[in-house]
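Trainee: This is the content of structure_7.tsv (TSV, C-alpha atoms):
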chain	number	residue	atom	x	y	z
A	1	MET	CA	171.43	122.97	-27.17
A	2	LEU	CA	169.52	119.69	-27.57
A	3	LYS	CA	167.44	121.20	-30.36
A	4	PHE	CA	170.60	122.27	-32.20
A	5	ILE	CA	172.40	118.94	-31.78
A	6	SER	CA	169.26	117.07	-32.83
A	7	ILE	CA	169.66	118.51	-36.34
A	8	PHE	CA	172.61	116.14	-36.75
A	9	ASN	CA	171.39	113.21	-34.62
A	10	HIS	CA	168.29	111.21	-35.56
A	11	LYS	CA	167.84	109.72	-32.09
A	12	LEU	CA	167.97	113.11	-30.37
A	13	ARG	CA	165.64	114.52	-33.01
A	14	LEU	CA	163.00	111.93	-32.11
A	15	GLY	CA	163.20	113.00	-28.47
A	16	VAL	CA	163.04	116.73	-29.19
A	17	THR	CA	160.06	116.28	-31.53
A	18	GLY	CA	158.29	113.87	-29.18
A	19	ARG	CA	158.57	116.20	-26.17
A	20	LYS	CA	156.58	118.85	-28.01
A	21	ASP	CA	153.49	116.64	-27.67
A	22	THR	CA	153.91	115.49	-24.06
A	23	PHE	CA	151.63	117.99	-22.32
A	24	ASN	CA	148.90	117.83	-24.99
A	25	ILE	CA	148.83	114.02	-24.83
A	26	ILE	CA	148.52	114.07	-21.03
A	27	LYS	CA	145.79	116.74	-21.14
A	28	SER	CA	143.78	114.68	-23.60
A	29	GLN	CA	143.96	111.45	-21.57
A	30	ILE	CA	144.15	112.45	-17.90
A	31	SER	CA	141.41	114.41	-16.13
A	32	LYS	CA	141.55	116.09	-12.73
A	33	SER	CA	139.29	113.40	-11.27
A	34	ASP	CA	141.58	110.53	-12.32
A	35	LYS	CA	143.72	108.72	-9.78
A	36	THR	CA	147.18	108.16	-11.24
A	37	LEU	CA	150.52	106.44	-10.85
A	38	TRP	CA	153.69	107.67	-12.55
A	39	PHE	CA	156.45	105.32	-13.72
A	40	HIS	CA	159.66	106.80	-15.11
A	41	CYS	CA	162.43	104.96	-17.00
A	42	ALA	CA	165.48	106.36	-18.74
A	43	SER	CA	165.30	103.89	-21.59
A	44	LEU	CA	164.31	100.38	-22.65
A	45	GLY	CA	166.65	98.60	-20.23
A	46	GLU	CA	165.18	100.40	-17.23
A	47	TYR	CA	161.67	99.69	-18.49
A	48	GLU	CA	162.42	95.96	-18.64
A	49	GLN	CA	163.97	96.24	-15.18
A	50	GLY	CA	160.91	97.91	-13.71
A	51	LEU	CA	158.32	95.87	-15.59
A	52	PRO	CA	157.70	93.16	-12.95
A	53	VAL	CA	156.96	95.89	-10.38
A	54	PHE	CA	154.82	97.80	-12.87
A	55	LYS	CA	152.77	94.68	-13.53
A	56	GLU	CA	152.15	94.12	-9.82
A	57	LEU	CA	151.13	97.76	-9.34
A	58	ARG	CA	148.81	97.51	-12.34
A	59	LYS	CA	147.04	94.62	-10.57
A	60	THR	CA	147.09	96.39	-7.19
A	61	TYR	CA	145.61	99.63	-8.56
A	62	PRO	CA	143.30	98.48	-11.40
A	63	THR	CA	141.25	101.70	-11.50
A	64	HIS	CA	144.23	104.08	-11.52
A	65	LYS	CA	145.57	105.52	-14.75
A	66	ILE	CA	149.27	104.92	-15.25
A	67	VAL	CA	151.54	107.48	-16.89
A	68	LEU	CA	154.80	106.02	-18.19
A	69	THR	CA	157.59	108.40	-19.18
A	70	PHE	CA	160.87	107.80	-20.99
A	71	PHE	CA	163.82	110.06	-21.47
A	72	SER	CA	165.38	108.16	-24.39
A	73	PRO	CA	163.81	107.43	-27.78
A	74	SER	CA	165.22	103.89	-27.61
A	75	GLY	CA	162.74	103.25	-24.80
A	76	TYR	CA	159.82	105.33	-25.97
A	77	GLU	CA	159.79	104.26	-29.63
A	78	ILE	CA	159.80	100.55	-28.75
A	79	ARG	CA	157.36	100.64	-25.81
A	80	LYS	CA	155.04	103.54	-26.68
A	81	ASN	CA	152.18	101.07	-27.18
A	82	THR	CA	152.73	98.99	-24.04
A	83	ASP	CA	149.55	97.91	-22.30
A	84	ILE	CA	151.13	98.42	-18.87
A	85	ALA	CA	150.28	102.14	-19.06
A	86	ASN	CA	147.35	104.31	-20.10
A	87	VAL	CA	149.62	107.13	-21.26
A	88	VAL	CA	153.18	106.82	-22.61
A	89	VAL	CA	155.10	110.05	-23.24
A	90	TYR	CA	158.57	111.55	-23.26
A	91	LEU	CA	159.58	113.16	-19.98
A	92	PRO	CA	159.79	116.93	-20.51
A	93	ILE	CA	163.21	118.55	-20.06
A	94	ASP	CA	163.94	118.96	-16.34
A	95	THR	CA	163.08	122.59	-15.59
A	96	LYS	CA	161.08	124.00	-12.67
A	97	THR	CA	158.35	125.19	-15.04
A	98	ASN	CA	158.03	121.81	-16.75
A	99	ALA	CA	158.03	119.97	-13.43
A	100	LYS	CA	155.17	122.11	-12.06
A	101	LYS	CA	153.16	121.84	-15.27
A	102	PHE	CA	153.68	118.06	-15.49
A	103	LEU	CA	152.69	117.42	-11.88
A	104	ASP	CA	149.69	119.75	-12.13
A	105	LEU	CA	148.41	117.50	-14.91
A	106	VAL	CA	149.42	114.09	-13.54
A	107	ASN	CA	149.29	114.55	-9.73
A	108	PRO	CA	150.43	110.94	-9.06
A	109	GLU	CA	149.58	109.13	-5.84
A	110	LEU	CA	152.75	107.11	-6.30
A	111	THR	CA	155.84	107.68	-8.43
A	112	ILE	CA	158.37	104.96	-9.29
A	113	PHE	CA	161.77	105.84	-10.76
A	114	VAL	CA	163.97	102.98	-11.97
A	115	LYS	CA	167.71	102.62	-11.30
A	116	TYR	CA	169.42	105.99	-11.77
A	117	ASP	CA	167.55	108.53	-13.89
A	118	ILE	CA	167.47	111.31	-11.27
A	119	TRP	CA	165.86	114.59	-12.38
A	120	PRO	CA	166.16	117.12	-9.52
A	121	ASN	CA	163.49	119.64	-10.54
A	122	PHE	CA	160.85	116.94	-10.92
A	123	LEU	CA	161.87	115.25	-7.69
A	124	ASN	CA	162.05	118.47	-5.67
A	125	GLU	CA	158.58	119.41	-6.90
A	126	LEU	CA	157.29	115.99	-5.84
A	127	LYS	CA	158.77	116.60	-2.40
A	128	LYS	CA	157.22	120.08	-2.11
A	129	ARG	CA	153.82	118.60	-2.88
A	130	GLN	CA	154.42	115.74	-0.44
A	131	LEU	CA	153.79	113.17	-3.15
A	132	LYS	CA	155.14	109.66	-2.57
A	133	ALA	CA	158.13	108.66	-4.71
A	134	VAL	CA	160.27	105.51	-4.59
A	135	LEU	CA	163.46	104.56	-6.43
A	136	ILE	CA	163.88	100.86	-7.29
A	137	SER	CA	166.86	98.77	-8.45
A	138	ALA	CA	169.18	101.67	-7.64
A	139	LEU	CA	172.89	101.15	-8.21
A	140	PHE	CA	175.34	103.79	-7.02
A	141	ARG	CA	179.10	104.21	-7.49
A	142	ASP	CA	181.64	106.18	-5.46
A	143	ASN	CA	182.46	108.58	-8.29
A	144	GLN	CA	178.89	109.79	-8.84
A	145	ILE	CA	178.02	113.43	-8.19
A	146	TYR	CA	175.70	112.62	-5.25
A	147	PHE	CA	178.74	111.71	-3.16
A	148	LYS	CA	180.97	114.67	-4.08
A	149	TRP	CA	181.33	117.89	-2.07
A	150	TYR	CA	179.99	119.87	-5.03
A	151	GLY	CA	176.97	117.62	-5.68
A	152	GLY	CA	174.51	119.23	-3.27
A	153	PHE	CA	171.78	119.93	-5.83
A	154	MET	CA	171.72	116.34	-7.09
A	155	LYS	CA	172.21	114.94	-3.59
A	156	ASN	CA	169.16	116.82	-2.33
A	157	ALA	CA	167.09	115.28	-5.12
A	158	LEU	CA	167.65	111.82	-3.64
A	159	PHE	CA	165.91	112.96	-0.45
A	160	ALA	CA	162.69	113.39	-2.42
A	161	PHE	CA	162.40	109.61	-2.44
A	162	GLU	CA	160.49	108.20	0.50
A	163	HIS	CA	162.43	104.97	0.11
A	164	ILE	CA	165.25	103.65	-2.08
A	165	PHE	CA	165.63	99.97	-2.96
A	166	THR	CA	169.23	99.24	-3.94
A	167	GLN	CA	170.78	96.38	-5.85
A	168	ASP	CA	173.71	95.94	-3.46
A	169	VAL	CA	175.09	96.70	-0.01
A	170	HIS	CA	177.70	99.12	-1.34
A	171	SER	CA	174.97	101.39	-2.73
A	172	LYS	CA	173.29	101.39	0.68
A	173	SER	CA	176.59	102.34	2.34
A	174	LEU	CA	177.09	105.26	-0.04
A	175	LEU	CA	173.60	106.55	0.76
A	176	LYS	CA	174.25	106.16	4.46
A	177	ASN	CA	177.38	108.33	4.08
A	178	ILE	CA	175.17	111.23	2.98
A	179	ASN	CA	172.69	110.53	5.80
A	180	TYR	CA	170.04	108.94	3.61
A	181	ASN	CA	168.80	105.98	5.66
A	182	GLN	CA	165.45	104.87	4.18
A	183	VAL	CA	167.11	102.08	2.21
A	184	THR	CA	166.46	98.40	1.58
A	185	VAL	CA	168.90	96.14	-0.25
A	186	SER	CA	166.39	94.21	-2.35
A	187	GLY	CA	168.59	93.19	-5.27
A	188	ASP	CA	167.91	93.71	-8.96
A	189	THR	CA	164.36	93.38	-10.31
A	190	ARG	CA	165.83	92.22	-13.63
A	191	PHE	CA	166.30	88.76	-12.08
A	192	ASP	CA	162.53	88.53	-11.51
A	193	ARG	CA	161.94	89.87	-14.99
A	194	VAL	CA	164.10	87.30	-16.77
A	195	TYR	CA	162.99	84.44	-14.51
A	196	SER	CA	159.40	85.05	-15.61
A	197	GLN	CA	160.56	84.32	-19.18
A	198	LEU	CA	160.57	80.62	-18.24
A	199	ASP	CA	156.79	80.75	-17.76
A	200	GLN	CA	156.22	82.11	-21.26
A	201	ASP	CA	155.90	80.27	-24.56
A	202	ASN	CA	159.33	80.78	-26.13
A	203	THR	CA	158.64	78.68	-29.20
A	204	LEU	CA	159.81	80.11	-32.51
A	205	GLY	CA	159.15	77.71	-35.36
A	206	PHE	CA	161.62	79.28	-37.76
A	207	ILE	CA	164.44	79.04	-35.20
A	208	GLN	CA	163.56	75.40	-34.58
A	209	ALA	CA	163.74	74.76	-38.33
A	210	PHE	CA	167.04	76.59	-38.67
A	211	LYS	CA	168.69	74.88	-35.68
A	212	ASN	CA	167.54	71.45	-36.81
A	213	ASP	CA	168.68	69.82	-33.52
A	214	LYS	CA	172.29	70.94	-34.02
A	215	LEU	CA	174.55	72.78	-31.59
A	216	CYS	CA	173.82	76.51	-31.80
A	217	LEU	CA	175.64	79.68	-30.75
A	218	VAL	CA	173.39	82.72	-30.31
A	219	ALA	CA	175.24	86.04	-30.44
A	220	GLY	CA	172.97	88.77	-29.09
A	221	SER	CA	173.17	92.57	-29.24
A	222	THR	CA	176.44	92.54	-31.13
A	223	TRP	CA	178.36	95.57	-32.39
A	224	PRO	CA	180.75	95.64	-35.37
A	225	GLU	CA	183.73	95.05	-33.06
A	226	ASP	CA	182.02	91.90	-31.73
A	227	ASP	CA	181.16	90.77	-35.25
A	228	VAL	CA	184.83	90.90	-36.31
A	229	PHE	CA	185.70	88.21	-33.75
A	230	LEU	CA	182.63	86.12	-34.51
A	231	VAL	CA	183.06	86.24	-38.29
A	232	ASP	CA	186.73	85.31	-37.96
A	233	TYR	CA	185.71	82.20	-36.01
A	234	ILE	CA	182.83	81.27	-38.32
A	235	ASN	CA	184.94	81.61	-41.45
A	236	SER	CA	187.74	79.47	-39.98
A	237	LEU	CA	185.42	76.54	-39.18
A	238	GLU	CA	185.64	73.30	-41.08
A	239	ASN	CA	182.66	71.88	-39.17
A	240	ASN	CA	179.42	72.79	-40.93
A	241	ASP	CA	177.23	71.20	-38.26
A	242	LEU	CA	177.55	74.13	-35.85
A	243	LYS	CA	174.82	76.76	-36.27
A	244	PHE	CA	175.13	80.50	-35.60
A	245	ILE	CA	172.44	83.09	-34.94
A	246	ILE	CA	173.62	86.71	-34.85
A	247	ALA	CA	171.29	89.45	-33.59
A	248	PRO	CA	173.06	92.83	-34.09
A	249	HIS	CA	172.22	95.65	-31.69
A	250	ASN	CA	171.64	98.16	-34.49
A	251	ILE	CA	169.34	97.07	-37.28
A	252	ASN	CA	171.05	99.14	-39.93
A	253	ALA	CA	170.52	97.77	-43.45
A	254	PRO	CA	173.98	98.64	-44.88
A	255	GLN	CA	175.71	97.23	-41.77
A	256	ILE	CA	173.59	94.09	-41.92
A	257	GLN	CA	174.50	93.54	-45.57
A	258	LYS	CA	178.17	94.16	-44.82
A	259	LEU	CA	178.02	91.58	-42.04
A	260	LYS	CA	176.33	89.04	-44.28
A	261	GLN	CA	178.85	89.55	-47.09
A	262	SER	CA	181.78	89.07	-44.70
A	263	ILE	CA	180.68	85.51	-43.84
A	264	ASN	CA	181.82	82.73	-46.16
A	265	LYS	CA	179.30	80.20	-44.84
A	266	LYS	CA	175.75	79.84	-46.13
A	267	THR	CA	173.97	82.81	-44.51
A	268	ILE	CA	170.40	84.10	-44.50
A	269	LEU	CA	168.67	87.11	-42.96
A	270	PHE	CA	165.48	86.90	-40.91
A	271	SER	CA	163.84	89.15	-43.52
A	272	GLU	CA	164.73	86.61	-46.25
A	273	LYS	CA	163.38	83.51	-44.51
A	274	LYS	CA	160.02	83.30	-46.31
A	275	ASN	CA	159.89	80.15	-48.48
A	276	ALA	CA	163.53	79.34	-47.61
A	277	SER	CA	164.74	75.96	-46.36
A	278	LEU	CA	166.29	77.32	-43.18
A	279	GLU	CA	167.89	74.03	-42.18
A	280	ASP	CA	170.21	74.37	-45.20
A	281	PHE	CA	171.84	77.53	-43.79
A	282	GLN	CA	174.61	77.71	-41.20
A	283	VAL	CA	174.24	81.36	-40.17
A	284	LEU	CA	171.03	83.29	-39.48
A	285	ILE	CA	171.19	87.06	-38.99
A	286	ILE	CA	168.24	88.59	-37.13
A	287	ASP	CA	167.52	91.92	-38.82
A	288	THR	CA	164.51	92.76	-36.65
A	289	ILE	CA	163.90	93.52	-32.97
A	290	GLY	CA	161.89	91.94	-30.16
A	291	LEU	CA	162.80	88.27	-30.61
A	292	LEU	CA	166.14	87.90	-28.84
A	293	SER	CA	164.88	86.86	-25.40
A	294	LYS	CA	163.02	83.92	-27.00
A	295	ILE	CA	165.85	83.06	-29.37
A	296	TYR	CA	168.17	82.58	-26.40
A	297	SER	CA	166.03	79.60	-25.35
A	298	TYR	CA	167.44	77.75	-28.38
A	299	ALA	CA	171.08	78.53	-27.57
A	300	ASN	CA	173.63	75.97	-26.45
A	301	ILE	CA	176.18	78.77	-26.07
A	302	ALA	CA	175.55	82.52	-25.94
A	303	TYR	CA	177.72	85.46	-26.83
A	304	VAL	CA	176.54	88.86	-25.55
A	305	GLY	CA	177.88	91.97	-27.22
A	306	GLY	CA	178.96	95.39	-26.04
A	307	ALA	CA	181.98	94.55	-23.88
A	308	VAL	CA	184.57	94.22	-26.64
A	309	GLY	CA	184.33	97.96	-27.28
A	310	LYS	CA	183.21	100.78	-25.00
A	311	THR	CA	179.48	100.77	-25.78
A	312	GLY	CA	178.53	98.84	-22.63
A	313	LEU	CA	177.70	95.19	-22.06
A	314	HIS	CA	174.16	94.22	-22.99
A	315	ASN	CA	171.76	92.03	-21.03
A	316	THR	CA	173.52	88.82	-19.96
A	317	LEU	CA	170.68	87.71	-17.68
A	318	GLU	CA	168.41	86.90	-20.64
A	319	PRO	CA	170.51	83.95	-21.86
A	320	ALA	CA	171.60	82.97	-18.34
A	321	VAL	CA	168.05	82.11	-17.26
A	322	PHE	CA	167.95	79.37	-19.91
A	323	GLY	CA	171.01	77.65	-18.44
A	324	VAL	CA	173.38	78.73	-21.19
A	325	PRO	CA	177.14	79.40	-20.81
A	326	ILE	CA	177.95	82.97	-21.88
A	327	ILE	CA	180.93	84.64	-23.54
A	328	ILE	CA	181.55	88.41	-23.31
A	329	GLY	CA	184.33	90.91	-24.01
A	330	GLU	CA	186.71	92.30	-21.40
A	331	ASN	CA	185.04	95.65	-20.58
A	332	PHE	CA	182.53	94.63	-17.94
A	333	LYS	CA	183.72	96.35	-14.75
A	334	HIS	CA	180.46	98.30	-14.26
A	335	PHE	CA	178.33	95.15	-14.53
A	336	PRO	CA	178.17	93.29	-11.20
A	337	GLU	CA	176.11	90.44	-12.63
A	338	ALA	CA	178.89	89.72	-15.16
A	339	LYS	CA	181.52	89.66	-12.41
A	340	ALA	CA	179.35	87.29	-10.39
A	341	MET	CA	178.74	84.88	-13.27
A	342	ILE	CA	182.43	84.83	-14.15
A	343	GLU	CA	183.24	83.97	-10.52
A	344	ASN	CA	180.54	81.28	-10.64
A	345	LYS	CA	182.17	79.78	-13.75
A	346	GLY	CA	179.20	80.31	-16.00
A	347	MET	CA	180.56	83.23	-18.02
A	348	TYR	CA	183.85	83.70	-19.84
A	349	SER	CA	185.55	86.96	-20.82
A	350	ILE	CA	187.64	87.16	-23.99
A	351	LYS	CA	190.15	89.80	-25.15
A	352	ASN	CA	190.71	88.86	-28.77
A	353	ALA	CA	189.79	86.47	-31.56
A	354	ASP	CA	192.17	83.78	-30.30
A	355	ASN	CA	190.54	83.89	-26.84
A	356	LEU	CA	187.13	83.49	-28.45
A	357	LYS	CA	188.31	80.54	-30.53
A	358	ASP	CA	189.81	78.73	-27.53
A	359	THR	CA	186.76	79.34	-25.32
A	360	LEU	CA	184.28	78.28	-27.98
A	361	ASN	CA	186.23	75.15	-28.85
A	362	LEU	CA	186.28	74.14	-25.18
A	363	LEU	CA	182.54	74.70	-24.78
A	364	ILE	CA	181.73	72.91	-28.02
A	365	LYS	CA	183.92	69.85	-27.49
A	366	ASN	CA	183.36	69.33	-23.75
A	367	THR	CA	179.65	68.65	-23.23
A	368	ASP	CA	179.89	68.27	-19.44
A	369	PHE	CA	181.82	71.52	-19.11
A	370	ARG	CA	179.29	73.36	-21.29
A	371	GLU	CA	176.26	72.03	-19.41
A	372	ASP	CA	177.79	72.63	-15.98
A	373	SER	CA	178.58	76.23	-16.96
A	374	GLY	CA	175.00	76.73	-18.07
A	375	LYS	CA	173.63	75.30	-14.82
A	376	ASN	CA	175.81	77.70	-12.86
A	377	ASN	CA	174.12	80.58	-14.67
A	378	SER	CA	170.55	79.34	-14.23
A	379	ASN	CA	171.19	78.75	-10.52
A	380	TYR	CA	172.60	82.26	-10.20
A	381	ILE	CA	169.41	83.74	-11.66
A	382	LYS	CA	167.12	81.63	-9.47
A	383	ASN	CA	169.09	82.45	-6.31
A	384	ASN	CA	168.76	86.19	-6.92
A	385	THR	CA	165.03	86.48	-7.51
A	386	GLY	CA	162.68	87.98	-4.91
A	387	SER	CA	163.31	91.72	-5.30
A	388	VAL	CA	159.74	92.37	-6.48
A	389	VAL	CA	158.26	90.69	-3.40
A	390	GLN	CA	160.25	93.00	-1.10
A	391	ILE	CA	159.34	96.14	-3.04
A	392	MET	CA	155.65	95.29	-3.25
A	393	SER	CA	155.54	94.40	0.43
A	394	TYR	CA	156.64	97.96	1.16
A	395	LEU	CA	154.36	99.62	-1.39
A	396	ARG	CA	151.25	97.77	-0.20
A	397	ARG	CA	151.61	99.07	3.37
As a first step, turn the structure in this file into structure tokens.
Mentor:
Amino acid sequence: MLKFISIFNHKLRLGVTGRKDTFNIIKSQISKSDKTLWFHCASLGEYEQGLPVFKELRKTYPTHKIVLTFFSPSGYEIRKNTDIANVVVYLPIDTKTNAKKFLDLVNPELTIFVKYDIWPNFLNELKKRQLKAVLISALFRDNQIYFKWYGGFMKNALFAFEHIFTQDVHSKSLLKNINYNQVTVSGDTRFDRVYSQLDQDNTLGFIQAFKNDKLCLVAGSTWPEDDVFLVDYINSLENNDLKFIIAPHNINAPQIQKLKQSINKKTILFSEKKNASLEDFQVLIIDTIGLLSKIYSYANIAYVGGAVGKTGLHNTLEPAVFGVPIIIGENFKHFPEAKAMIENKGMYSIKNADNLKDTLNLLIKNTDFREDSGKNNSNYIKNNTGSVVQIMSYLRR
């Protein structure tokens, strides 16, 4: 079915094609004498979530070879050359045959799954072979199949994990209800991940030149429905001193051009910046990937996309760590960090263009309010770090 659908879907086609090479790549780079670790992530978000643990394990087991698998092309294509692993491949489709073949080749001493990508055939085969597996940053909800009367097959897969580290107490309670008790509430490793961003060099000369010491709104991971609100606000402004950086989620050339043409202020793309006097422009559109986490360090206000429509709210922790107030859409109910930051008065949810206008005007005009909101977010991040220490304390035993 996946092969058929992939004919019409480029992203799926990448995955189907990539999986054809998985076993050959592993065979060519892993020998029977190698000691190995296996890290699995659904996509890029889970990779970023697991990265601080992966880094610690890389230091703890310097002579082991690490196999990193992804299910989604959006993870694999961006991180296929990461230096955290010796081998990066697509996870084969979850069948008993593939699970046996994969584990025959990899035979990991330790397996780490991140958050929720539960593949029962692989996990059951790990359990049969008595190989150690741990799930980190797990987040469960009442309506998931593991907690339904008909979810036995998936429920049993959870018992392949020697230990599960959850993000919250509710997830632990759900596991307890199915008699899984090897649980630690360690929080979300993403807090450790984003907090480490403060120790990095976040300097971007072209952003510095563009901002030119003026107030700047950074809109990250936006979708067309987010852009409608943002463009409406930008076009209505009489004040040309306010700067805007928009980093769309999809770097699609026609969509980028459409976005640029819809803005009546002086606008430039990242790809057009060479030899340009960036300080003369009011809007900068980032038509590349990999820069957003650093760009947020220049923000006075952040807007994070995905919650105006149904696509899913993107990473709000990245701007929060820099002490920036954040604006999002109204569809955030599955994102506990968003709920927490709203309660802490560091994040603001908007329903329409008028809401966005009112919220932005308040943050722009009231410096104390803006800075206090940002501090609330940075304190929230700092107060929730420490998950990696708990996980590594267990794994080093």
Trainee: Find the residues near Pro120 (chain A): any atom within 9 Å, counting only C-alpha atoms, skip ones fewer than 2 places away on the same chain, and give them as a list of chain:residue names.
Mentor: A:Asp94, A:Thr95, A:Ile118, A:Phe122, A:Leu123, A:Asn124, A:Glu125, A:Phe153, A:Met154, A:Lys155, A:Asn156, A:Ala157, A:Leu158, A:Ala160
Trainee: Using all atoms listed in the file, which of A:Tyr195, A:Phe70, A:Phe113, A:Phe244 sits nearest His163 (chain A)?
Mentor: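 Distance minimum relative to His163 (chain A) lands on A:Phe113.
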Trainee: I need the residue nearest Leu360 (chain A) from this list: A:Val388, A:Ile246, A:Val308, A:Val218. Use all atoms listed in the file for the distance.
Mentor: A:Val218
Trainee: A:His314, A:Lys382, A:Lys266, A:Lys258: which is nearest Leu198 (chain A), counting only C-alpha atoms?
Mentor: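 Of all the options, A:Lys382 lies closest to Leu198 (chain A).
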Trainee: Give me the residues near region 133-140 of chain A as a VMD selection string, where near means some atom within 7 Å (using all atoms listed in the file) and where sequence neighbours in that chain fewer than 2 positions away do not count.
Mentor: chain A and resid 110 to 116 131 142 160 to 167 171 187 to 189
Trainee: At a cut-off of 12 Å, using only C-alpha atoms, what residues contact region 274-284 of chain A? Leave out same-chain residues fewer than 6 positions from it and give the result as a compact mmCIF listing (two decimals) with C-alpha atoms, keeping the file's coordinate frame.
Mentor:
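Now in selection_27.txt:
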# COMPACT_ATOMS: atom_id res chain seq x y z
CA GLY A 205 159.15 77.71 -35.36
CA PHE A 206 161.62 79.28 -37.76
CA ILE A 207 164.44 79.04 -35.20
CA GLN A 208 163.56 75.40 -34.58
CA ALA A 209 163.74 74.76 -38.33
CA PHE A 210 167.04 76.59 -38.67
CA LYS A 211 168.69 74.88 -35.68
CA ASN A 212 167.54 71.45 -36.81
CA ASP A 213 168.68 69.82 -33.52
CA LYS A 214 172.29 70.94 -34.02
CA LEU A 215 174.55 72.78 -31.59
CA CYS A 216 173.82 76.51 -31.80
CA LEU A 217 175.64 79.68 -30.75
CA VAL A 218 173.39 82.72 -30.31
CA ALA A 219 175.24 86.04 -30.44
CA GLY A 220 172.97 88.77 -29.09
CA LEU A 230 182.63 86.12 -34.51
CA VAL A 231 183.06 86.24 -38.29
CA ILE A 234 182.83 81.27 -38.32
CA ASN A 235 184.94 81.61 -41.45
CA LEU A 237 185.42 76.54 -39.18
CA GLU A 238 185.64 73.30 -41.08
CA ASN A 239 182.66 71.88 -39.17
CA ASN A 240 179.42 72.79 -40.93
CA ASP A 241 177.23 71.20 -38.26
CA LEU A 242 177.55 74.13 -35.85
CA LYS A 243 174.82 76.76 -36.27
CA PHE A 244 175.13 80.50 -35.60
CA ILE A 245 172.44 83.09 -34.94
CA ILE A 246 173.62 86.71 -34.85
CA ALA A 247 171.29 89.45 -33.59
CA PRO A 248 173.06 92.83 -34.09
CA ILE A 256 173.59 94.09 -41.92
CA LEU A 259 178.02 91.58 -42.04
CA LYS A 260 176.33 89.04 -44.28
CA GLN A 261 178.85 89.55 -47.09
CA SER A 262 181.78 89.07 -44.70
CA ILE A 263 180.68 85.51 -43.84
CA ASN A 264 181.82 82.73 -46.16
CA LYS A 265 179.30 80.20 -44.84
CA LYS A 266 175.75 79.84 -46.13
CA THR A 267 173.97 82.81 -44.51
CA ILE A 268 170.40 84.10 -44.50
CA ILE A 295 165.85 83.06 -29.37
Trainee: Just give me the gap between CA of Tyr90 (chain A) and CA of Ile25 (chain A) in Å, one decimal is fine.
Mentor: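 Pair CA of Tyr90 (chain A) / CA of Ile25 (chain A) returns 10.2 Å.
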